[in-house]
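The file final_36.cif contains mmCIF, C-alpha atoms and all ligand atoms:
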data_input
#
loop_
_atom_site.label_atom_id
_atom_site.label_comp_id
_atom_site.auth_asym_id
_atom_site.auth_seq_id
_atom_site.Cartn_x
_atom_site.Cartn_y
_atom_site.Cartn_z
CA MET A 1 -17.55 57.29 30.41
CA LYS A 2 -17.01 56.94 34.11
CA THR A 3 -16.07 53.24 33.80
CA LEU A 4 -13.51 54.10 31.15
CA PHE A 5 -12.04 56.72 33.46
CA TYR A 6 -11.67 54.20 36.29
CA LEU A 7 -10.25 51.55 33.97
CA LYS A 8 -7.61 54.01 32.83
CA ARG A 9 -6.72 54.83 36.41
CA ILE A 10 -6.43 51.15 37.29
CA GLY A 11 -4.28 50.67 34.19
CA VAL A 12 -1.95 53.49 35.20
CA GLY A 13 -1.87 52.12 38.75
CA ILE A 14 -0.82 48.68 37.55
CA LEU A 15 1.84 50.18 35.32
CA VAL A 16 3.29 52.25 38.16
CA LEU A 17 3.28 49.23 40.44
CA ALA A 18 5.01 47.09 37.80
CA LEU A 19 7.69 49.76 37.37
CA LEU A 20 8.21 49.95 41.12
CA VAL A 21 8.61 46.18 41.37
CA LEU A 22 11.04 46.16 38.45
CA GLY A 23 12.97 49.04 40.01
CA TYR A 24 13.14 47.12 43.28
CA ILE A 25 14.36 43.94 41.57
CA TYR A 26 17.16 45.68 39.68
CA THR A 27 18.30 47.78 42.64
CA ALA A 28 18.15 44.98 45.20
CA ALA A 29 19.95 42.54 42.88
CA HIS A 30 22.62 45.14 42.16
CA PHE A 31 23.27 45.88 45.85
CA THR A 32 23.39 42.19 46.73
CA LEU A 33 25.82 41.40 43.93
CA TYR A 34 28.15 44.33 44.35
CA LYS A 35 28.20 44.47 48.12
CA SER A 36 31.71 44.79 49.48
CA TYR A 37 32.81 42.54 52.35
CA ASP A 38 35.51 43.58 54.73
CA VAL A 39 37.24 40.28 55.50
CA PRO A 40 40.72 40.73 57.00
CA LEU A 41 43.60 39.04 55.21
CA LYS A 42 45.82 36.56 57.03
CA THR A 43 49.19 38.05 57.89
CA SER A 44 50.92 35.20 56.06
CA PHE A 45 50.13 31.93 54.32
CA GLU A 46 52.77 29.42 53.33
CA VAL A 47 52.28 28.11 49.77
CA PRO A 48 54.34 25.03 48.86
CA ASN A 49 56.15 24.89 45.51
CA ASP A 50 57.38 21.30 45.26
CA SER A 51 56.19 19.22 42.33
CA ALA A 52 54.08 16.84 44.45
CA SER A 53 52.04 19.72 45.90
CA ILE A 54 51.60 21.28 42.45
CA ALA A 55 50.40 17.95 41.01
CA GLU A 56 48.02 17.54 43.94
CA GLY A 57 46.74 21.11 43.39
CA PHE A 58 46.08 20.30 39.73
CA ARG A 59 44.14 17.16 40.75
CA GLN A 60 42.11 19.16 43.27
CA THR A 61 41.14 21.79 40.68
CA ARG A 62 39.78 18.99 38.47
CA ILE A 63 37.78 17.36 41.26
CA ALA A 64 36.50 20.83 42.19
CA HIS A 65 35.46 21.20 38.52
CA CYS A 66 37.11 24.62 38.19
CA ASN A 67 37.83 23.50 34.61
CA GLY A 68 34.11 22.91 33.94
CA CYS A 69 33.60 26.68 34.06
CA HIS A 70 37.06 28.21 33.48
CA GLN A 71 38.26 25.69 30.83
CA ASP A 72 41.12 23.23 31.20
CA ASP A 73 43.74 25.96 30.73
CA PHE A 74 41.90 28.41 33.06
CA SER A 75 41.69 31.06 30.32
CA GLY A 76 37.95 31.45 30.97
CA ARG A 77 34.81 31.18 28.86
CA ILE A 78 31.11 31.94 28.68
CA PHE A 79 29.88 28.77 30.35
CA HIS A 80 26.16 29.41 30.21
CA GLU A 81 23.90 31.63 28.13
CA ASP A 82 20.13 31.87 27.97
CA ASP A 83 17.40 34.49 28.36
CA GLN A 84 16.43 33.79 31.95
CA VAL A 85 19.77 33.09 33.62
CA GLY A 86 21.78 35.41 31.39
CA LYS A 87 25.34 35.20 30.18
CA LEU A 88 27.67 33.64 32.73
CA VAL A 89 31.34 34.39 32.29
CA ALA A 90 34.04 32.45 34.14
CA SER A 91 37.01 34.82 34.30
CA ASN A 92 40.42 34.41 32.75
CA VAL A 93 42.13 33.13 35.89
CA THR A 94 45.55 32.94 34.21
CA GLN A 95 45.66 36.73 34.05
CA LEU A 96 43.77 37.61 37.22
CA VAL A 97 45.90 35.51 39.59
CA GLN A 98 48.97 37.49 38.60
CA ASP A 99 47.55 40.42 40.62
CA TYR A 100 46.65 38.31 43.64
CA SER A 101 48.99 37.82 46.58
CA ASP A 102 49.02 34.41 48.31
CA VAL A 103 46.98 35.70 51.25
CA GLU A 104 44.43 37.22 48.85
CA LEU A 105 44.12 33.91 47.02
CA TYR A 106 43.78 32.16 50.37
CA ARG A 107 40.92 34.49 51.36
CA PHE A 108 39.30 34.04 47.94
CA LEU A 109 39.26 30.25 48.17
CA ARG A 110 38.26 30.22 51.84
CA THR A 111 35.39 32.74 51.45
CA GLY A 112 34.69 33.68 47.80
CA VAL A 113 35.68 37.29 48.56
CA LYS A 114 37.65 38.67 45.60
CA LYS A 115 40.61 41.02 45.74
CA ASN A 116 38.22 43.97 45.37
CA GLY A 117 36.06 42.82 48.32
CA GLU A 118 33.08 41.67 46.25
CA ILE A 119 31.85 38.11 46.28
CA ALA A 120 32.29 35.71 43.33
CA ALA A 121 28.56 34.97 43.52
CA ILE A 122 28.29 32.46 40.69
CA MET A 123 31.25 30.38 41.85
CA PRO A 124 30.52 27.54 44.32
CA PHE A 125 32.44 29.47 46.97
CA ASP A 126 30.50 27.86 49.81
CA MET A 127 31.73 24.44 48.72
CA TYR A 128 35.35 25.57 48.51
CA SER A 129 35.08 27.09 51.99
CA ASN A 130 35.15 23.47 53.24
CA TYR A 131 38.78 22.90 52.18
CA THR A 132 41.59 22.32 54.64
CA ASP A 133 44.41 24.88 54.56
CA GLU A 134 46.65 22.17 53.14
CA THR A 135 44.43 21.68 50.08
CA ILE A 136 44.09 25.44 49.59
CA GLY A 137 47.89 25.64 49.65
CA ASP A 138 48.17 22.93 46.97
CA ILE A 139 45.57 24.64 44.77
CA ILE A 140 47.38 27.99 45.02
CA ALA A 141 50.68 26.22 44.26
CA TYR A 142 49.11 24.93 41.05
CA LEU A 143 47.49 28.27 40.11
CA ARG A 144 50.92 29.87 40.47
CA THR A 145 52.22 27.69 37.62
CA LEU A 146 49.68 29.12 35.13
CA GLU A 147 51.23 31.36 32.50
CA PRO A 148 49.03 34.32 31.53
CA ILE A 149 47.02 33.50 28.37
CA GLU A 150 45.21 36.06 26.19
CA ASN A 151 41.55 35.22 25.72
CA GLU A 152 40.38 37.86 23.30
CA GLY A 153 36.68 38.58 23.22
CA LEU A 154 35.97 37.11 26.66
CA PRO A 155 33.51 39.56 28.28
CA GLU A 156 34.86 41.02 31.51
CA LYS A 157 31.88 39.95 33.54
CA SER A 158 28.61 38.08 33.55
CA GLU A 159 25.31 39.71 32.60
CA LEU A 160 22.69 38.19 34.81
CA GLY A 161 19.24 37.62 33.34
CA PHE A 162 15.93 38.74 34.81
CA PHE A 163 15.22 35.40 36.44
CA ILE A 164 18.44 35.43 38.48
CA LYS A 165 17.98 39.08 39.44
CA MET A 166 14.47 38.31 40.66
CA ALA A 167 15.75 35.28 42.60
CA LEU A 168 18.41 37.49 44.22
CA ALA A 169 16.03 40.37 44.98
CA PHE A 170 13.39 38.14 46.59
CA LYS A 171 16.02 35.94 48.26
CA MET A 172 14.96 32.72 46.57
CA PHE A 173 18.70 32.67 45.98
CA ASP A 174 19.78 34.09 49.33
CA LEU A 175 23.33 35.15 48.53
CA GLU A 176 23.75 37.24 51.67
CA ALA A 177 22.80 34.30 53.93
CA LYS A 178 25.21 32.04 52.05
CA VAL A 179 28.05 34.55 52.47
CA GLN A 180 27.30 35.04 56.19
CA GLU A 181 27.25 31.28 56.73
CA VAL A 182 30.69 30.99 55.11
CA LEU A 183 32.10 33.99 57.01
CA SER A 184 30.79 32.69 60.34
CA LYS A 185 33.11 29.66 60.16
CA VAL A 186 36.12 31.35 58.59
CA GLU A 187 38.13 31.23 61.81
CA GLN A 188 37.43 27.54 62.51
CA PRO A 189 40.11 25.28 61.09
CA VAL A 190 38.74 22.57 58.79
CA GLU A 191 39.77 19.16 60.11
CA TYR A 192 38.99 15.54 59.45
CA GLU A 193 40.39 12.20 60.56
CA PRO A 194 42.18 10.63 57.55
CA SER A 195 42.09 7.11 59.03
CA ASP A 196 38.34 7.29 59.70
CA GLN A 197 36.42 6.46 56.51
CA ILE A 198 33.31 8.36 57.56
CA SER A 199 35.12 11.52 58.60
CA PHE A 200 37.32 11.42 55.48
CA GLY A 201 34.38 10.64 53.18
CA LYS A 202 32.33 13.46 54.64
CA TYR A 203 35.18 15.88 54.06
CA LEU A 204 35.54 14.79 50.43
CA ALA A 205 31.80 14.96 49.75
CA SER A 206 31.61 18.41 51.35
CA THR A 207 34.31 19.68 48.96
CA ALA A 208 33.11 17.92 45.79
CA CYS A 209 29.36 17.23 45.91
CA SER A 210 27.78 19.82 48.23
CA ASN A 211 27.30 22.70 45.79
CA CYS A 212 24.73 20.68 43.88
CA HIS A 213 23.53 18.06 46.36
CA GLY A 214 23.36 20.52 49.30
CA GLN A 215 25.67 21.25 52.24
CA ASP A 216 23.72 18.60 54.20
CA PHE A 217 23.58 16.30 51.13
CA GLN A 218 19.77 16.34 51.25
CA GLY A 219 19.49 17.40 47.62
CA GLY A 220 19.56 20.70 45.82
CA GLU A 221 17.85 22.77 43.17
CA MET A 222 19.55 22.73 39.79
CA GLY A 223 16.98 24.42 37.56
CA ASP A 224 15.39 21.76 35.38
CA SER A 225 17.31 18.84 36.88
CA PRO A 226 17.39 18.81 40.69
CA ALA A 227 20.23 16.93 42.36
CA PRO A 228 18.77 14.12 44.52
CA PRO A 229 19.54 13.52 48.21
CA LEU A 230 22.79 11.55 48.30
CA SER A 231 21.16 8.79 50.35
CA ILE A 232 20.34 7.61 46.82
CA ILE A 233 23.71 5.87 47.23
CA LYS A 234 21.76 2.98 48.81
CA ILE A 235 20.72 1.80 45.33
CA TYR A 236 24.43 1.54 44.37
CA SER A 237 26.77 -1.32 45.23
CA LYS A 238 30.33 -0.23 45.97
CA ASP A 239 31.46 -1.46 42.53
CA GLN A 240 28.63 0.36 40.77
CA PHE A 241 29.58 3.57 42.59
CA HIS A 242 33.24 3.22 41.59
CA ASN A 243 32.10 2.61 38.04
CA MET A 244 29.87 5.71 38.08
CA ILE A 245 32.70 7.93 39.35
CA ARG A 246 35.13 6.52 36.75
CA THR A 247 32.84 6.37 33.70
CA GLY A 248 29.84 8.60 34.36
CA GLU A 249 27.43 5.65 33.91
CA THR A 250 24.62 6.21 36.42
CA LEU A 251 22.10 3.57 37.44
CA THR A 252 18.96 5.54 36.66
CA LYS A 253 20.05 7.64 33.68
CA GLY A 254 22.93 5.72 32.16
CA ASP A 255 25.31 8.13 30.45
CA LYS A 256 22.63 10.83 30.05
CA SER A 257 23.02 12.18 33.58
CA LYS A 258 24.36 15.51 34.79
CA MET A 259 26.90 13.31 36.54
CA THR A 260 28.24 11.89 33.28
CA ASP A 261 30.39 14.80 32.09
CA LEU A 262 31.29 15.72 35.63
CA ALA A 263 32.59 12.20 36.31
CA ARG A 264 34.45 11.94 33.01
CA SER A 265 36.25 15.26 33.21
CA CYS A 266 36.50 15.79 36.98
CA LEU A 267 35.51 13.07 39.46
CA LYS A 268 37.62 10.42 37.75
CA TYR A 269 40.60 12.15 39.41
CA PHE A 270 39.56 10.75 42.80
CA HIS A 271 41.82 8.00 44.17
CA ASP A 272 40.21 4.60 44.83
CA GLU A 273 40.52 5.05 48.63
CA GLU A 274 38.72 8.37 48.32
CA VAL A 275 35.84 6.83 46.37
CA ASP A 276 35.62 4.10 49.05
CA ALA A 277 35.49 6.73 51.81
CA ILE A 278 32.78 8.77 50.04
CA TYR A 279 30.77 5.58 49.56
CA THR A 280 31.08 4.68 53.24
CA PHE A 281 30.10 8.15 54.38
CA LEU A 282 27.14 8.51 52.01
CA ASN A 283 25.78 5.20 53.28
CA THR A 284 25.44 6.75 56.75
CA LEU A 285 22.96 9.34 55.43
CA GLU A 286 19.35 8.85 56.44
CA SER A 287 17.19 8.36 53.39
CA PRO A 288 14.21 10.61 53.00
CA ALA A 289 12.29 7.60 51.55
CA ILE A 290 13.48 7.09 48.01
CA THR A 291 10.35 6.99 45.91
CA ASP A 292 9.86 6.27 42.22
CA ALA A 293 9.21 9.99 41.80
CA SER A 294 12.56 11.05 43.28
CA LEU A 295 14.35 8.54 41.06
CA ASN A 296 12.72 9.96 37.96
CA ASN A 297 13.85 13.48 38.75
C1 LIG B 301 30.20 27.30 38.38
C2 LIG B 301 31.31 27.87 37.65
C3 LIG B 301 32.63 28.08 38.36
C4 LIG B 301 33.42 27.15 39.01
C5 LIG B 301 33.13 25.68 39.24
C6 LIG B 301 34.62 27.87 39.43
N1 LIG B 301 34.54 29.18 39.08
FE1 LIG B 301 35.97 30.61 39.40
N2 LIG B 301 34.72 32.02 38.67
C7 LIG B 301 33.46 31.78 38.12
C8 LIG B 301 32.84 33.06 37.79
C9 LIG B 301 31.44 33.25 37.19
C10 LIG B 301 33.78 34.05 38.15
C11 LIG B 301 33.58 35.57 38.07
C12 LIG B 301 33.16 35.98 39.45
C13 LIG B 301 32.69 37.36 39.62
O1 LIG B 301 33.46 38.28 39.32
O2 LIG B 301 31.56 37.49 40.11
C14 LIG B 301 34.94 33.37 38.68
C15 LIG B 301 36.09 34.01 39.13
C16 LIG B 301 37.26 33.38 39.52
C17 LIG B 301 38.50 34.05 39.85
C18 LIG B 301 38.76 35.55 39.70
C19 LIG B 301 38.32 36.36 40.87
C20 LIG B 301 38.39 37.86 40.55
O3 LIG B 301 39.09 38.59 41.26
O4 LIG B 301 37.75 38.31 39.60
C21 LIG B 301 39.39 33.07 40.22
C22 LIG B 301 40.84 33.28 40.66
C23 LIG B 301 38.69 31.81 40.15
N3 LIG B 301 37.41 32.03 39.71
C24 LIG B 301 39.25 30.59 40.47
C25 LIG B 301 38.52 29.39 40.52
C26 LIG B 301 39.06 28.15 41.04
C27 LIG B 301 40.47 27.94 41.55
C28 LIG B 301 38.05 27.24 40.97
C29 LIG B 301 38.03 25.80 41.45
C30 LIG B 301 38.56 25.56 42.80
C31 LIG B 301 36.89 27.90 40.38
N4 LIG B 301 37.22 29.20 40.12
C32 LIG B 301 35.67 27.29 40.13
C33 LIG B 301 32.88 30.56 37.92
C34 LIG B 301 33.33 29.36 38.43
C1 LIG B 302 27.55 20.26 39.32
C2 LIG B 302 26.53 19.63 40.11
C3 LIG B 302 26.80 18.28 40.74
C4 LIG B 302 27.89 17.89 41.48
C5 LIG B 302 29.13 18.69 41.85
C6 LIG B 302 27.62 16.53 41.89
N1 LIG B 302 26.42 16.12 41.41
FE1 LIG B 302 25.60 14.25 41.62
N2 LIG B 302 24.00 14.83 40.50
C7 LIG B 302 23.76 16.09 40.02
C8 LIG B 302 22.45 16.14 39.40
C9 LIG B 302 21.81 17.38 38.77
C10 LIG B 302 21.90 14.84 39.51
C11 LIG B 302 20.53 14.33 39.09
C12 LIG B 302 20.15 14.58 37.68
C13 LIG B 302 20.89 13.76 36.71
O1 LIG B 302 21.31 12.61 37.02
O2 LIG B 302 21.04 14.27 35.58
C14 LIG B 302 22.91 14.03 40.20
C15 LIG B 302 22.76 12.68 40.49
C16 LIG B 302 23.62 11.95 41.30
C17 LIG B 302 23.42 10.57 41.69
C18 LIG B 302 22.26 9.69 41.25
C19 LIG B 302 22.60 9.01 39.94
C20 LIG B 302 21.50 8.09 39.48
O3 LIG B 302 21.74 6.88 39.38
O4 LIG B 302 20.39 8.61 39.25
C21 LIG B 302 24.46 10.22 42.50
C22 LIG B 302 24.68 8.86 43.16
C23 LIG B 302 25.31 11.38 42.61
N3 LIG B 302 24.77 12.41 41.87
C24 LIG B 302 26.46 11.41 43.38
C25 LIG B 302 27.31 12.51 43.45
C26 LIG B 302 28.52 12.53 44.23
C27 LIG B 302 29.00 11.39 45.13
C28 LIG B 302 29.10 13.75 44.04
C29 LIG B 302 30.39 14.26 44.59
C30 LIG B 302 31.55 13.38 44.50
C31 LIG B 302 28.24 14.49 43.12
N4 LIG B 302 27.17 13.72 42.81
C32 LIG B 302 28.50 15.78 42.67
C33 LIG B 302 24.62 17.17 40.10
C34 LIG B 302 25.87 17.16 40.71
#
Just dump the structure as structure tokens.
Amino acid sequence: MKTLFYLKRIGVGILVLALLVLGYIYTAAHFTLYKSYDVPLKTSFEVPNDSASIAEGFRQTRIAHCNGCHQDDFSGRIFHEDDQVGKLVASNVTQLVQDYSDVELYRFLRTGVKKNGEIAAIMPFDMYSNYTDETIGDIIAYLRTLEPIENEGLPEKSELGFFIKMALAFKMFDLEAKVQEVLSKVEQPVEYEPSDQISFGKYLASTACSNCHGQDFQGGEMGDSPAPPLSIIKIYSKDQFHNMIRTGETLTKGDKSKMTDLARSCLKYFHDEEVDAIYTFLNTLESPAITDASLNN
């Protein structure tokens, strides 16, 4: 009888503990996601409206793979749905930008902070924080040409699954640190030397590859398919790299790589000189010994 009594108590104890942990996960994830950041707006930001800048802005949104999540016409879509991660909704940008001023759009692209002060957590805002003001201006110029499109049935926001909430609550996905890192450099102008291949290539890689391959290009977690350190470039000749960026044909996975769709719908918009510069820069990265295992990842 006594044993049964103790077992029951242990059972109740475990249940209470489980509920407390769950409560913590949901509350902590909620506060992290809906935290409001007070980032002052610039007093003014000049957005160009000539056709060359608009065309350049369009090209930049492709390279930045905005279309991969928001669709080619920016009307938004559910771009991922499963039990663990949840339902991820990329907003209908065509409607939302109508309510944004230029300085609000500038702040959004520079920091990920939305008009309402919250962070666009699922967007690769840390990658976009690497843009020069000139590129941000071109992107805004292009976004300004979008006519509002109705996208009926598009949920207003994402519903994050348990796995993501847990990752947020226990800081395996440390959103707050990522935001602070971005905010700490918001005042520093982004600059590079266009005539220096390494400086130019580093800039391009930081704005087009870093969200998956890491801000230091040492590789990144991507759920079931991690992105390798970009020193993997050493197995590519310059021609093979150009071919990969144009066609999505990778050396180790052919056209079955995560890079395939990305190259075909986004990276192909790079100019040849840009691909050359990225290749030159990536070749300066120290390799953390490329092993057979890292190639099979
Ligand atoms: C990985 C997918 C992804 C990519 C890539 C992406 N976005 Fe988003 N975007 C989202 C999600 C998800 C939201 C909803 C954010 C939220 O409310 O938390 C969003 C929201 C927005 C918003 C609305 C902000 C608001 O006030 O609600 C704008 C504008 C926007 N994105 C523009 C862009 C532009 C421009 C690019 C490319 C430079 C881009 N996005 C790239 C996923 C993405
Ligand atoms: C949206 C995420 C994402 C972005 C952005 C991205 N990559 Fe990748 N990349 C991956 C993943 C994931 C892999 C490894 C898994 C695979 O190939 O499916 C990979 C693999 C690679 C490989 C190895 C291919 C091979 O032969 O195995 C190279 C080289 C590469 N990426 C270069 C780049 C460069 C350069 C950029 C920027 C111009 C870039 N990637 C941007 C996700 C990304």
Exercise for review: For ligand LIG 302 (chain B), list the contacting residues at 9 Å or closer, counting only C-alpha atoms and all ligand atoms, as an MDAnalysis selection string.
Suggested key: chainID A and resid 63:65 68 204:213 219:236 241 244:245 249:260 262:263 267 270 275 278:279 282 295:297
Exercise for review: Give as an NGL selection string the set of residues within 6 Å of the point (24.0, 40.9, 47.3), where distances use the file's coordinates and only C-alpha atoms.
Suggested key: :A and (31-33 or 35 or 175-176)
Review point. When distances are computed from all atoms listed in the file, which of A:Tyr100, A:Phe5, A:Tyr26, A:Tyr37 shows the smallest separation from ligand LIG 301 (chain B)?
Key: A:Tyr100
Practice item. Go through the chains and note each residue within 6 Å of ligand LIG 301 (chain B), using all atoms listed in the file, then give the set as a list in words. Key: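 These are the residues that qualify: Thr61, Ala64, His65, Cys66, Cys69, Leu88, Val89, Ala90, Ser91, Val93, Leu96, Val97, Lys114, Lys115, Ala120, Ala121, Ile122, Met123 and Pro124 of chain A.
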Review point. Which distance in Å separates atom CA of A:Pro155 and atom CA of A:Thr27, to one decimal?
Key: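 Separating atom CA of A:Pro155 from atom CA of A:Thr27 is a distance of 22.5 Å.
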Exercise for review: Please measure the separation of atom CA of A:Ser101 and atom CA of A:Ser51, giving the value in Å to one decimal.
Suggested key: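 These two atoms are separated by 20.4 Å.
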Practice item. Please indicate the distance in Å from atom CA of A:Gly57 to atom CA of A:Glu134, rounded to one decimal place. Key: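 Straight-line distance from atom CA of A:Gly57 to atom CA of A:Glu134 works out to 9.8 Å.
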Practice item. Go through A:Phe58, A:Phe200, A:Phe79, A:Phe163 and flag the residue nearest A:Ala277, using only C-alpha atoms for the distances. Key: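 Using only C-alpha atoms, the shortest distance to A:Ala277 belongs to A:Phe200.
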Review point. Can you list, as a list in words, every protein, DNA or RNA residue that comes within 9 Å of A:Arg62 when you count only C-alpha atoms, leaving out same-chain residues fewer than 6 positions away?
Key: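 Everything that qualifies: Gly68, Asp72, Ser265, Cys266, Leu267, Lys268 and Tyr269 of chain A.
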Check your understanding: Looking at all atoms listed in the file, which of A:Lys157, A:Lys87, A:Lys171, A:Lys42 is the one that sits closest to A:Arg110?
Key -> A:Lys42
Practice item. Determine, counting all atoms listed in the file, which protein, DNA and RNA residues have an atom within 9 Å of an atom of A:Ala167; residues of the same chain fewer than 5 positions away are not included. Present the result as a PyMOL selection string. Key: chain A and resi 25+29+162+172-174
Write out, as a compact mmCIF listing (two decimals), keeping the file's coordinate frame, the residues just selected, with C-alpha atoms.
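Dumped everything to selection.txt:
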# COMPACT_ATOMS: atom_id res chain seq x y z
CA ILE A 25 14.36 43.94 41.57
CA ALA A 29 19.95 42.54 42.88
CA PHE A 162 15.93 38.74 34.81
CA MET A 172 14.96 32.72 46.57
CA PHE A 173 18.70 32.67 45.98
CA ASP A 174 19.78 34.09 49.33
Check your understanding: Which residue gives the smallest distance to A:Pro148 among A:Val190, A:Ser287, A:Ile198, A:Asp99, with only C-alpha atoms counted?
Key ->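 Of A:Val190, A:Ser287, A:Ile198, A:Asp99, the one nearest A:Pro148 is A:Asp99, counting only C-alpha atoms.
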Exercise for review: Considering all atoms listed in the file, return as a PyMOL selection string whatever protein or nucleic-acid residues lie within 12 Å of A:Thr43, sequence-local ones (same chain, fewer than 5 positions apart) excluded.
Suggested key: chain A and resi 101-104+106-107
Check your understanding: Between A:Asp276, A:Gly13, A:Ala18, A:Asn67, which has the minimum distance to A:Asp196 (counting all atoms listed in the file)?
Key ->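 Residue with the minimum atom-to-atom distance to A:Asp196: A:Asp276.
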Exercise for review: Could you check which of A:Ser195, A:Gly248, A:Phe125, A:Ile164 is closest to A:Asp83, using all atoms listed in the file?
Suggested key: A:Ile164
Rebuild N, CA and C atoms on stretch 247-259 of chain A, as a PDB file, in the coordinates of the input?
ATOM      1  N   THR A 247      33.332   6.356  35.092  1.00  0.00           N
ATOM      2  CA  THR A 247      32.840   6.370  33.700  1.00  0.00           C
ATOM      3  C   THR A 247      31.647   7.280  33.463  1.00  0.00           C
ATOM      4  N   GLY A 248      31.005   7.752  34.547  1.00  0.00           N
ATOM      5  CA  GLY A 248      29.840   8.600  34.360  1.00  0.00           C
ATOM      6  C   GLY A 248      28.560   7.820  34.064  1.00  0.00           C
ATOM      7  N   GLU A 249      28.620   6.483  34.146  1.00  0.00           N
ATOM      8  CA  GLU A 249      27.430   5.650  33.910  1.00  0.00           C
ATOM      9  C   GLU A 249      26.600   5.601  35.196  1.00  0.00           C
ATOM     10  N   THR A 250      25.436   6.254  35.206  1.00  0.00           N
ATOM     11  CA  THR A 250      24.620   6.210  36.420  1.00  0.00           C
ATOM     12  C   THR A 250      23.594   5.083  36.308  1.00  0.00           C
ATOM     13  N   LEU A 251      23.059   4.673  37.456  1.00  0.00           N
ATOM     14  CA  LEU A 251      22.100   3.570  37.440  1.00  0.00           C
ATOM     15  C   LEU A 251      20.768   3.987  36.827  1.00  0.00           C
ATOM     16  N   THR A 252      20.303   5.200  37.157  1.00  0.00           N
ATOM     17  CA  THR A 252      18.960   5.540  36.660  1.00  0.00           C
ATOM     18  C   THR A 252      18.959   6.259  35.320  1.00  0.00           C
ATOM     19  N   LYS A 253      20.063   6.895  34.948  1.00  0.00           N
ATOM     20  CA  LYS A 253      20.050   7.640  33.680  1.00  0.00           C
ATOM     21  C   LYS A 253      21.169   7.245  32.739  1.00  0.00           C
ATOM     22  N   GLY A 254      21.844   6.157  33.041  1.00  0.00           N
ATOM     23  CA  GLY A 254      22.930   5.720  32.160  1.00  0.00           C
ATOM     24  C   GLY A 254      23.937   6.824  31.954  1.00  0.00           C
ATOM     25  N   ASP A 255      24.322   7.067  30.703  1.00  0.00           N
ATOM     26  CA  ASP A 255      25.310   8.130  30.450  1.00  0.00           C
ATOM     27  C   ASP A 255      24.637   9.435  30.020  1.00  0.00           C
ATOM     28  N   LYS A 256      23.335   9.584  30.390  1.00  0.00           N
ATOM     29  CA  LYS A 256      22.630  10.830  30.050  1.00  0.00           C
ATOM     30  C   LYS A 256      22.392  11.670  31.307  1.00  0.00           C
ATOM     31  N   SER A 257      23.219  11.468  32.310  1.00  0.00           N
ATOM     32  CA  SER A 257      23.020  12.180  33.580  1.00  0.00           C
ATOM     33  C   SER A 257      23.909  13.412  33.636  1.00  0.00           C
ATOM     34  N   LYS A 258      23.504  14.350  34.503  1.00  0.00           N
ATOM     35  CA  LYS A 258      24.360  15.510  34.790  1.00  0.00           C
ATOM     36  C   LYS A 258      25.700  15.028  35.340  1.00  0.00           C
ATOM     37  N   MET A 259      25.690  13.855  35.942  1.00  0.00           N
ATOM     38  CA  MET A 259      26.900  13.310  36.540  1.00  0.00           C
ATOM     39  C   MET A 259      27.893  12.830  35.477  1.00  0.00           C
TER      40      MET A 259
END
